[in-house]
Every structure is written in structure tokens, then in C-alpha cells.
$ cat work-v1.tsv   # TSV, N, CA, C and O atoms
chain	number	residue	atom	x	y	z
A	1	MET	N	-4.90	10.24	7.01
A	1	MET	CA	-4.85	9.14	7.95
A	1	MET	C	-4.42	7.87	7.20
A	1	MET	O	-5.03	7.49	6.21
A	2	TRP	N	-3.37	7.27	7.65
A	2	TRP	CA	-2.87	6.03	7.06
A	2	TRP	C	-3.62	4.85	7.66
A	2	TRP	O	-3.92	4.82	8.84
A	3	ARG	N	-3.92	3.86	6.82
A	3	ARG	CA	-4.59	2.67	7.35
A	3	ARG	C	-4.00	1.41	6.74
A	3	ARG	O	-3.51	1.41	5.61
A	4	LYS	N	-4.05	0.37	7.51
A	4	LYS	CA	-3.48	-0.92	7.12
A	4	LYS	C	-4.62	-1.90	6.88
A	4	LYS	O	-5.64	-1.87	7.55
A	5	SER	N	-4.41	-2.79	5.95
A	5	SER	CA	-5.42	-3.79	5.62
A	5	SER	C	-5.74	-4.69	6.81
A	5	SER	O	-4.86	-5.05	7.58
A	6	GLN	N	-6.99	-5.06	6.93
A	6	GLN	CA	-7.38	-6.01	7.96
A	6	GLN	C	-6.84	-7.40	7.63
A	6	GLN	O	-6.82	-8.28	8.48
A	7	ARG	N	-6.40	-7.60	6.41
A	7	ARG	CA	-5.83	-8.89	6.00
A	7	ARG	C	-4.34	-8.96	6.23
A	7	ARG	O	-3.68	-9.88	5.78
A	8	SER	N	-3.80	-7.99	6.92
A	8	SER	CA	-2.37	-8.00	7.21
A	8	SER	C	-2.02	-9.28	7.94
A	8	SER	O	-2.72	-9.69	8.86
A	9	GLY	N	-0.94	-9.87	7.54
A	9	GLY	CA	-0.53	-11.10	8.19
A	9	GLY	C	0.87	-11.00	8.71
A	9	GLY	O	1.50	-9.95	8.66
A	10	THR	N	1.32	-12.09	9.23
A	10	THR	CA	2.72	-12.15	9.66
A	10	THR	C	3.45	-13.01	8.65
A	10	THR	O	2.89	-13.84	7.98
A	11	GLY	N	4.70	-12.77	8.55
A	11	GLY	CA	5.49	-13.53	7.59
A	11	GLY	C	6.95	-13.44	7.93
A	11	GLY	O	7.30	-13.13	9.05
A	12	GLY	N	7.76	-13.72	6.94
A	12	GLY	CA	9.20	-13.59	7.04
A	12	GLY	C	9.78	-13.81	8.41
A	12	GLY	O	9.67	-14.86	9.00
A	13	ALA	N	10.37	-12.77	8.96
A	13	ALA	CA	11.07	-12.85	10.24
A	13	ALA	C	10.12	-12.68	11.43
A	13	ALA	O	10.50	-12.20	12.48
A	14	GLY	N	8.87	-13.04	11.25
A	14	GLY	CA	7.91	-12.94	12.33
A	14	GLY	C	7.25	-11.59	12.46
A	14	GLY	O	6.37	-11.40	13.29
A	15	GLY	N	7.65	-10.64	11.61
A	15	GLY	CA	7.03	-9.33	11.65
A	15	GLY	C	5.89	-9.24	10.67
A	15	GLY	O	5.75	-10.05	9.77
A	16	GLU	N	5.06	-8.25	10.86
A	16	GLU	CA	3.96	-8.07	9.93
A	16	GLU	C	4.48	-7.60	8.59
A	16	GLU	O	5.37	-6.77	8.52
A	17	GLU	N	3.90	-8.12	7.55
A	17	GLU	CA	4.25	-7.71	6.19
A	17	GLU	C	3.03	-7.01	5.61
A	17	GLU	O	2.04	-7.65	5.29
A	18	CYS	N	3.10	-5.71	5.51
A	18	CYS	CA	1.94	-4.98	5.02
A	18	CYS	C	2.35	-3.60	4.55
A	18	CYS	O	3.39	-3.08	4.94
A	19	VAL	N	1.50	-3.03	3.75
A	19	VAL	CA	1.63	-1.64	3.38
A	19	VAL	C	0.45	-0.89	3.96
A	19	VAL	O	-0.57	-1.48	4.33
A	20	GLU	N	0.61	0.41	4.06
A	20	GLU	CA	-0.48	1.27	4.51
A	20	GLU	C	-0.86	2.18	3.35
A	20	GLU	O	-0.02	2.51	2.51
A	21	VAL	N	-2.11	2.56	3.29
A	21	VAL	CA	-2.59	3.47	2.25
A	21	VAL	C	-3.28	4.67	2.90
A	21	VAL	O	-3.76	4.59	4.02
A	22	ALA	N	-3.30	5.77	2.16
A	22	ALA	CA	-3.96	6.98	2.64
A	22	ALA	C	-4.45	7.80	1.46
A	22	ALA	O	-3.86	7.76	0.38
A	23	ALA	N	-5.53	8.52	1.69
A	23	ALA	CA	-5.98	9.52	0.71
A	23	ALA	C	-5.16	10.78	0.97
A	23	ALA	O	-5.16	11.31	2.08
A	24	LEU	N	-4.43	11.22	-0.04
A	24	LEU	CA	-3.58	12.40	0.06
A	24	LEU	C	-4.08	13.49	-0.87
A	24	LEU	O	-4.86	13.20	-1.80
A	25	ALA	N	-3.64	14.69	-0.67
A	25	ALA	CA	-4.04	15.80	-1.54
A	25	ALA	C	-3.69	15.51	-3.00
A	25	ALA	O	-4.44	15.86	-3.91
A	26	GLU	N	-2.55	14.85	-3.23
A	26	GLU	CA	-2.11	14.57	-4.59
A	26	GLU	C	-2.63	13.24	-5.15
A	26	GLU	O	-2.28	12.86	-6.25
A	27	GLY	N	-3.44	12.53	-4.40
A	27	GLY	CA	-3.99	11.25	-4.87
A	27	GLY	C	-4.02	10.23	-3.75
A	27	GLY	O	-4.63	10.47	-2.71
A	28	ARG	N	-3.33	9.12	-3.95
A	28	ARG	CA	-3.28	8.05	-2.95
A	28	ARG	C	-1.83	7.79	-2.59
A	28	ARG	O	-0.94	7.82	-3.44
A	29	GLY	N	-1.60	7.50	-1.31
A	29	GLY	CA	-0.26	7.22	-0.84
A	29	GLY	C	-0.13	5.77	-0.42
A	29	GLY	O	-1.09	5.18	0.08
A	30	ILE	N	1.05	5.22	-0.62
A	30	ILE	CA	1.38	3.85	-0.21
A	30	ILE	C	2.70	3.92	0.53
A	30	ILE	O	3.65	4.57	0.06
A	31	ARG	N	2.79	3.26	1.69
A	31	ARG	CA	4.05	3.23	2.43
A	31	ARG	C	4.20	1.89	3.14
A	31	ARG	O	3.24	1.16	3.36
A	32	ASP	N	5.42	1.60	3.53
A	32	ASP	CA	5.76	0.38	4.26
A	32	ASP	C	5.35	0.56	5.72
A	32	ASP	O	5.81	1.49	6.38
A	33	SER	N	4.50	-0.32	6.22
A	33	SER	CA	4.03	-0.18	7.60
A	33	SER	C	5.14	-0.38	8.62
A	33	SER	O	5.03	0.09	9.75
A	34	LYS	N	6.20	-1.08	8.24
A	34	LYS	CA	7.32	-1.31	9.16
A	34	LYS	C	8.28	-0.14	9.20
A	34	LYS	O	9.10	-0.04	10.11
A	35	ALA	N	8.22	0.74	8.20
A	35	ALA	CA	9.15	1.87	8.13
A	35	ALA	C	8.42	3.12	7.63
A	35	ALA	O	8.74	3.66	6.58
A	36	PRO	N	7.42	3.58	8.36
A	36	PRO	CA	6.61	4.69	7.87
A	36	PRO	C	7.36	6.02	7.72
A	36	PRO	O	6.94	6.87	6.95
A	37	ASP	N	8.46	6.17	8.41
A	37	ASP	CA	9.22	7.43	8.33
A	37	ASP	C	10.14	7.50	7.12
A	37	ASP	O	10.79	8.52	6.92
A	38	THR	N	10.22	6.44	6.32
A	38	THR	CA	11.11	6.44	5.17
A	38	THR	C	10.48	7.06	3.93
A	38	THR	O	11.13	7.15	2.90
A	39	GLY	N	9.23	7.48	4.02
A	39	GLY	CA	8.58	8.12	2.89
A	39	GLY	C	7.44	7.28	2.34
A	39	GLY	O	7.12	6.21	2.86
A	40	HIS	N	6.85	7.79	1.28
A	40	HIS	CA	5.73	7.08	0.66
A	40	HIS	C	5.75	7.29	-0.85
A	40	HIS	O	6.42	8.19	-1.35
A	41	LEU	N	5.01	6.46	-1.54
A	41	LEU	CA	4.81	6.58	-2.97
A	41	LEU	C	3.45	7.23	-3.17
A	41	LEU	O	2.45	6.77	-2.62
A	42	ALA	N	3.40	8.32	-3.93
A	42	ALA	CA	2.14	9.01	-4.20
A	42	ALA	C	1.71	8.69	-5.63
A	42	ALA	O	2.50	8.81	-6.56
A	43	LEU	N	0.47	8.24	-5.77
A	43	LEU	CA	-0.09	7.91	-7.08
A	43	LEU	C	-1.38	8.70	-7.30
A	43	LEU	O	-2.10	8.98	-6.35
A	44	SER	N	-1.67	8.98	-8.56
A	44	SER	CA	-2.96	9.58	-8.88
A	44	SER	C	-4.04	8.54	-8.58
A	44	SER	O	-3.74	7.35	-8.50
A	45	PRO	N	-5.28	8.96	-8.43
A	45	PRO	CA	-6.34	7.97	-8.19
A	45	PRO	C	-6.40	6.89	-9.28
A	45	PRO	O	-6.55	5.71	-8.98
A	46	SER	N	-6.24	7.28	-10.54
A	46	SER	CA	-6.27	6.27	-11.62
A	46	SER	C	-5.02	5.39	-11.58
A	46	SER	O	-5.08	4.20	-11.86
A	47	GLY	N	-3.88	5.97	-11.23
A	47	GLY	CA	-2.65	5.18	-11.09
A	47	GLY	C	-2.75	4.17	-9.96
A	47	GLY	O	-2.30	3.03	-10.09
A	48	PHE	N	-3.38	4.58	-8.87
A	48	PHE	CA	-3.58	3.68	-7.74
A	48	PHE	C	-4.52	2.54	-8.14
A	48	PHE	O	-4.26	1.38	-7.82
A	49	ALA	N	-5.59	2.85	-8.84
A	49	ALA	CA	-6.53	1.82	-9.30
A	49	ALA	C	-5.83	0.83	-10.21
A	49	ALA	O	-6.04	-0.39	-10.11
A	50	HIS	N	-4.97	1.32	-11.09
A	50	HIS	CA	-4.20	0.44	-11.98
A	50	HIS	C	-3.24	-0.45	-11.17
A	50	HIS	O	-3.13	-1.65	-11.43
A	51	PHE	N	-2.57	0.14	-10.20
A	51	PHE	CA	-1.66	-0.61	-9.34
A	51	PHE	C	-2.40	-1.75	-8.63
A	51	PHE	O	-1.95	-2.89	-8.62
A	52	VAL	N	-3.55	-1.44	-8.02
A	52	VAL	CA	-4.33	-2.45	-7.30
A	52	VAL	C	-4.78	-3.55	-8.26
A	52	VAL	O	-4.70	-4.74	-7.93
A	53	ALA	N	-5.22	-3.18	-9.46
A	53	ALA	CA	-5.64	-4.18	-10.45
A	53	ALA	C	-4.49	-5.11	-10.82
A	53	ALA	O	-4.67	-6.32	-10.93
A	54	CYS	N	-3.29	-4.56	-11.00
A	54	CYS	CA	-2.11	-5.37	-11.32
A	54	CYS	C	-1.77	-6.34	-10.19
A	54	CYS	O	-1.44	-7.49	-10.42
A	55	VAL	N	-1.86	-5.85	-8.95
A	55	VAL	CA	-1.58	-6.71	-7.80
A	55	VAL	C	-2.59	-7.86	-7.74
A	55	VAL	O	-2.24	-9.02	-7.55
A	56	LYS	N	-3.86	-7.54	-7.93
A	56	LYS	CA	-4.92	-8.57	-7.87
A	56	LYS	C	-4.74	-9.62	-8.97
A	56	LYS	O	-5.05	-10.79	-8.75
A	57	ARG	N	-4.26	-9.21	-10.15
A	57	ARG	CA	-4.04	-10.15	-11.25
A	57	ARG	C	-2.77	-10.98	-11.05
A	57	ARG	O	-2.54	-11.94	-11.77
A	58	GLY	N	-1.93	-10.57	-10.11
A	58	GLY	CA	-0.68	-11.28	-9.90
A	58	GLY	C	0.42	-10.84	-10.83
A	58	GLY	O	1.40	-11.56	-11.04
A	59	ASP	N	0.28	-9.64	-11.42
A	59	ASP	CA	1.28	-9.14	-12.35
A	59	ASP	C	2.56	-8.67	-11.67
A	59	ASP	O	3.56	-8.45	-12.33
A	60	MET	N	2.52	-8.51	-10.35
A	60	MET	CA	3.69	-8.01	-9.62
A	60	MET	C	4.17	-9.07	-8.64
A	60	MET	O	3.39	-9.76	-8.03
A	61	ASP	N	5.46	-9.14	-8.51
A	61	ASP	CA	6.06	-10.11	-7.60
A	61	ASP	C	6.20	-9.48	-6.22
A	61	ASP	O	7.25	-9.03	-5.82
A	62	ILE	N	5.06	-9.41	-5.51
A	62	ILE	CA	5.07	-8.80	-4.19
A	62	ILE	C	4.42	-9.73	-3.18
A	62	ILE	O	3.74	-10.64	-3.50

$ encode --input "work-v1.tsv" --output "C-alpha cells"
Amino acid sequence: MWRKSQRSGTGGAGGEECVEVAALAEGRGIRDSKAPDTGHLALSPSGFAHFVACVKRGDMDI
């Protein structure tokens, strides 16, 4: 089951800017909420934790 953050906001061209996450058999999945049919990025649980930590620190330009 994919879920979107409750902190999802609107931005850019008036559309929502958010990603969705899901627990997958291979770990954790991340996908664009505006284009869910284009695929997803699958990360191991530790890879996902590292990704989230980097985002929180501001290490990524997202």
C-alpha cells in the first residue's frame, strides 16, 4: 500500500509536490505521487533510512 505524507503541500504549477512510500518485499519503495505508473525506486531498509537522514540534513537538493 502506497502512502503520501500528511505534510504534502502544493507548489510549482499548483499541483501537489510529494512522493509516496510503501513497504515492499525488497525493502522500501519511493515513487512520484503525480506519476505513479512510471515506476518506483526500491531501497533496502537501511538504504531508505540513509536516504531519509540525508533529506532531513538538507544534503539533497529536493

$ atom_distance --input "work-v1.tsv" --atom1 "CA of Ser44 (chain A)" --atom2 "CA of Ser5 (chain A)"
19.9 Å

$ residues_around --input "work-v1.tsv" --residues "region 28-30 of chain A" --least-positions-apart "3" --cutoff "9 Å" --atoms "only C-alpha atoms" --output "list of chain:residue names"
A:Trp2, A:Val19, A:Glu20, A:Val21, A:Ala22, A:Ala23, A:Leu24, A:Ala25, A:Gly39, A:His40, A:Leu41, A:Ala42, A:Leu43, A:Ser44, A:Pro45, A:Gly47, A:Phe48

$ atom_distance --input "work-v1.tsv" --atom1 "atom N of Glu17 (chain A)" --atom2 "atom N of Lys34 (chain A)"
7.4 Å

$ atom_distance --input "work-v1.tsv" --atom1 "atom C of Thr38 (chain A)" --atom2 "CA of Arg57 (chain A)"
27.2 Å

$ select_by_dssp --input "work-v1.tsv" --residues "chain A" --states "alpha helix (DSSP H)" --output "MDAnalysis selection string"
chainID A and resid 45:57

$ build_atoms --input "work-v1.tsv" --residues "region 42-53 of chain A" --atoms "all heavy atoms" --output "mmCIF file, in the frame of the given file"
data_model
loop_
_atom_site.group_PDB
_atom_site.id
_atom_site.type_symbol
_atom_site.label_atom_id
_atom_site.label_comp_id
_atom_site.auth_asym_id
_atom_site.auth_seq_id
_atom_site.Cartn_x
_atom_site.Cartn_y
_atom_site.Cartn_z
ATOM 1 N N ALA A 42 3.400 8.320 -3.930
ATOM 2 C CA ALA A 42 2.140 9.010 -4.200
ATOM 3 C C ALA A 42 1.710 8.690 -5.630
ATOM 4 O O ALA A 42 2.500 8.810 -6.560
ATOM 5 C CB ALA A 42 2.294 10.506 -4.024
ATOM 6 N N LEU A 43 0.470 8.240 -5.770
ATOM 7 C CA LEU A 43 -0.090 7.910 -7.080
ATOM 8 C C LEU A 43 -1.380 8.700 -7.300
ATOM 9 O O LEU A 43 -2.100 8.980 -6.350
ATOM 10 C CB LEU A 43 -0.413 6.414 -7.164
ATOM 11 C CG LEU A 43 0.753 5.442 -7.000
ATOM 12 C CD1 LEU A 43 0.227 4.017 -6.856
ATOM 13 C CD2 LEU A 43 1.682 5.543 -8.186
ATOM 14 N N SER A 44 -1.670 8.980 -8.560
ATOM 15 C CA SER A 44 -2.960 9.580 -8.880
ATOM 16 C C SER A 44 -4.040 8.540 -8.580
ATOM 17 O O SER A 44 -3.740 7.350 -8.500
ATOM 18 C CB SER A 44 -3.005 9.971 -10.356
ATOM 19 O OG SER A 44 -2.987 8.800 -11.171
ATOM 20 N N PRO A 45 -5.280 8.960 -8.430
ATOM 21 C CA PRO A 45 -6.340 7.970 -8.190
ATOM 22 C C PRO A 45 -6.400 6.890 -9.280
ATOM 23 O O PRO A 45 -6.550 5.710 -8.980
ATOM 24 C CB PRO A 45 -7.614 8.809 -8.158
ATOM 25 C CG PRO A 45 -7.149 10.132 -7.628
ATOM 26 C CD PRO A 45 -5.796 10.328 -8.277
ATOM 27 N N SER A 46 -6.240 7.280 -10.540
ATOM 28 C CA SER A 46 -6.270 6.270 -11.620
ATOM 29 C C SER A 46 -5.020 5.390 -11.580
ATOM 30 O O SER A 46 -5.080 4.200 -11.860
ATOM 31 C CB SER A 46 -6.426 6.928 -12.985
ATOM 32 O OG SER A 46 -5.335 7.779 -13.266
ATOM 33 N N GLY A 47 -3.880 5.970 -11.230
ATOM 34 C CA GLY A 47 -2.650 5.180 -11.090
ATOM 35 C C GLY A 47 -2.750 4.170 -9.960
ATOM 36 O O GLY A 47 -2.300 3.030 -10.090
ATOM 37 N N PHE A 48 -3.380 4.580 -8.870
ATOM 38 C CA PHE A 48 -3.580 3.680 -7.740
ATOM 39 C C PHE A 48 -4.520 2.540 -8.140
ATOM 40 O O PHE A 48 -4.260 1.380 -7.820
ATOM 41 C CB PHE A 48 -4.136 4.440 -6.536
ATOM 42 C CG PHE A 48 -4.323 3.575 -5.320
ATOM 43 C CD1 PHE A 48 -3.236 3.191 -4.558
ATOM 44 C CD2 PHE A 48 -5.584 3.142 -4.946
ATOM 45 C CE1 PHE A 48 -3.404 2.391 -3.428
ATOM 46 C CE2 PHE A 48 -5.765 2.348 -3.823
ATOM 47 C CZ PHE A 48 -4.673 1.968 -3.065
ATOM 48 N N ALA A 49 -5.590 2.850 -8.840
ATOM 49 C CA ALA A 49 -6.530 1.820 -9.300
ATOM 50 C C ALA A 49 -5.830 0.830 -10.210
ATOM 51 O O ALA A 49 -6.040 -0.390 -10.110
ATOM 52 C CB ALA A 49 -7.721 2.460 -10.011
ATOM 53 N N HIS A 50 -4.970 1.320 -11.090
ATOM 54 C CA HIS A 50 -4.200 0.440 -11.980
ATOM 55 C C HIS A 50 -3.240 -0.450 -11.170
ATOM 56 O O HIS A 50 -3.130 -1.650 -11.430
ATOM 57 C CB HIS A 50 -3.435 1.277 -13.003
ATOM 58 C CG HIS A 50 -2.624 0.465 -13.953
ATOM 59 N ND1 HIS A 50 -3.183 -0.283 -14.957
ATOM 60 C CD2 HIS A 50 -1.289 0.273 -14.029
ATOM 61 C CE1 HIS A 50 -2.222 -0.906 -15.615
ATOM 62 N NE2 HIS A 50 -1.057 -0.586 -15.067
ATOM 63 N N PHE A 51 -2.570 0.140 -10.200
ATOM 64 C CA PHE A 51 -1.660 -0.610 -9.340
ATOM 65 C C PHE A 51 -2.400 -1.750 -8.630
ATOM 66 O O PHE A 51 -1.950 -2.890 -8.620
ATOM 67 C CB PHE A 51 -1.023 0.335 -8.318
ATOM 68 C CG PHE A 51 -0.214 -0.344 -7.260
ATOM 69 C CD1 PHE A 51 1.046 -0.849 -7.535
ATOM 70 C CD2 PHE A 51 -0.720 -0.487 -5.973
ATOM 71 C CE1 PHE A 51 1.795 -1.485 -6.549
ATOM 72 C CE2 PHE A 51 0.020 -1.124 -4.978
ATOM 73 C CZ PHE A 51 1.278 -1.617 -5.271
ATOM 74 N N VAL A 52 -3.550 -1.440 -8.020
ATOM 75 C CA VAL A 52 -4.330 -2.450 -7.300
ATOM 76 C C VAL A 52 -4.780 -3.550 -8.260
ATOM 77 O O VAL A 52 -4.700 -4.740 -7.930
ATOM 78 C CB VAL A 52 -5.537 -1.811 -6.582
ATOM 79 C CG1 VAL A 52 -6.485 -2.863 -6.042
ATOM 80 C CG2 VAL A 52 -5.053 -0.903 -5.460
ATOM 81 N N ALA A 53 -5.220 -3.180 -9.460
ATOM 82 C CA ALA A 53 -5.640 -4.180 -10.450
ATOM 83 C C ALA A 53 -4.490 -5.110 -10.820
ATOM 84 O O ALA A 53 -4.670 -6.320 -10.930
ATOM 85 C CB ALA A 53 -6.203 -3.489 -11.692
#
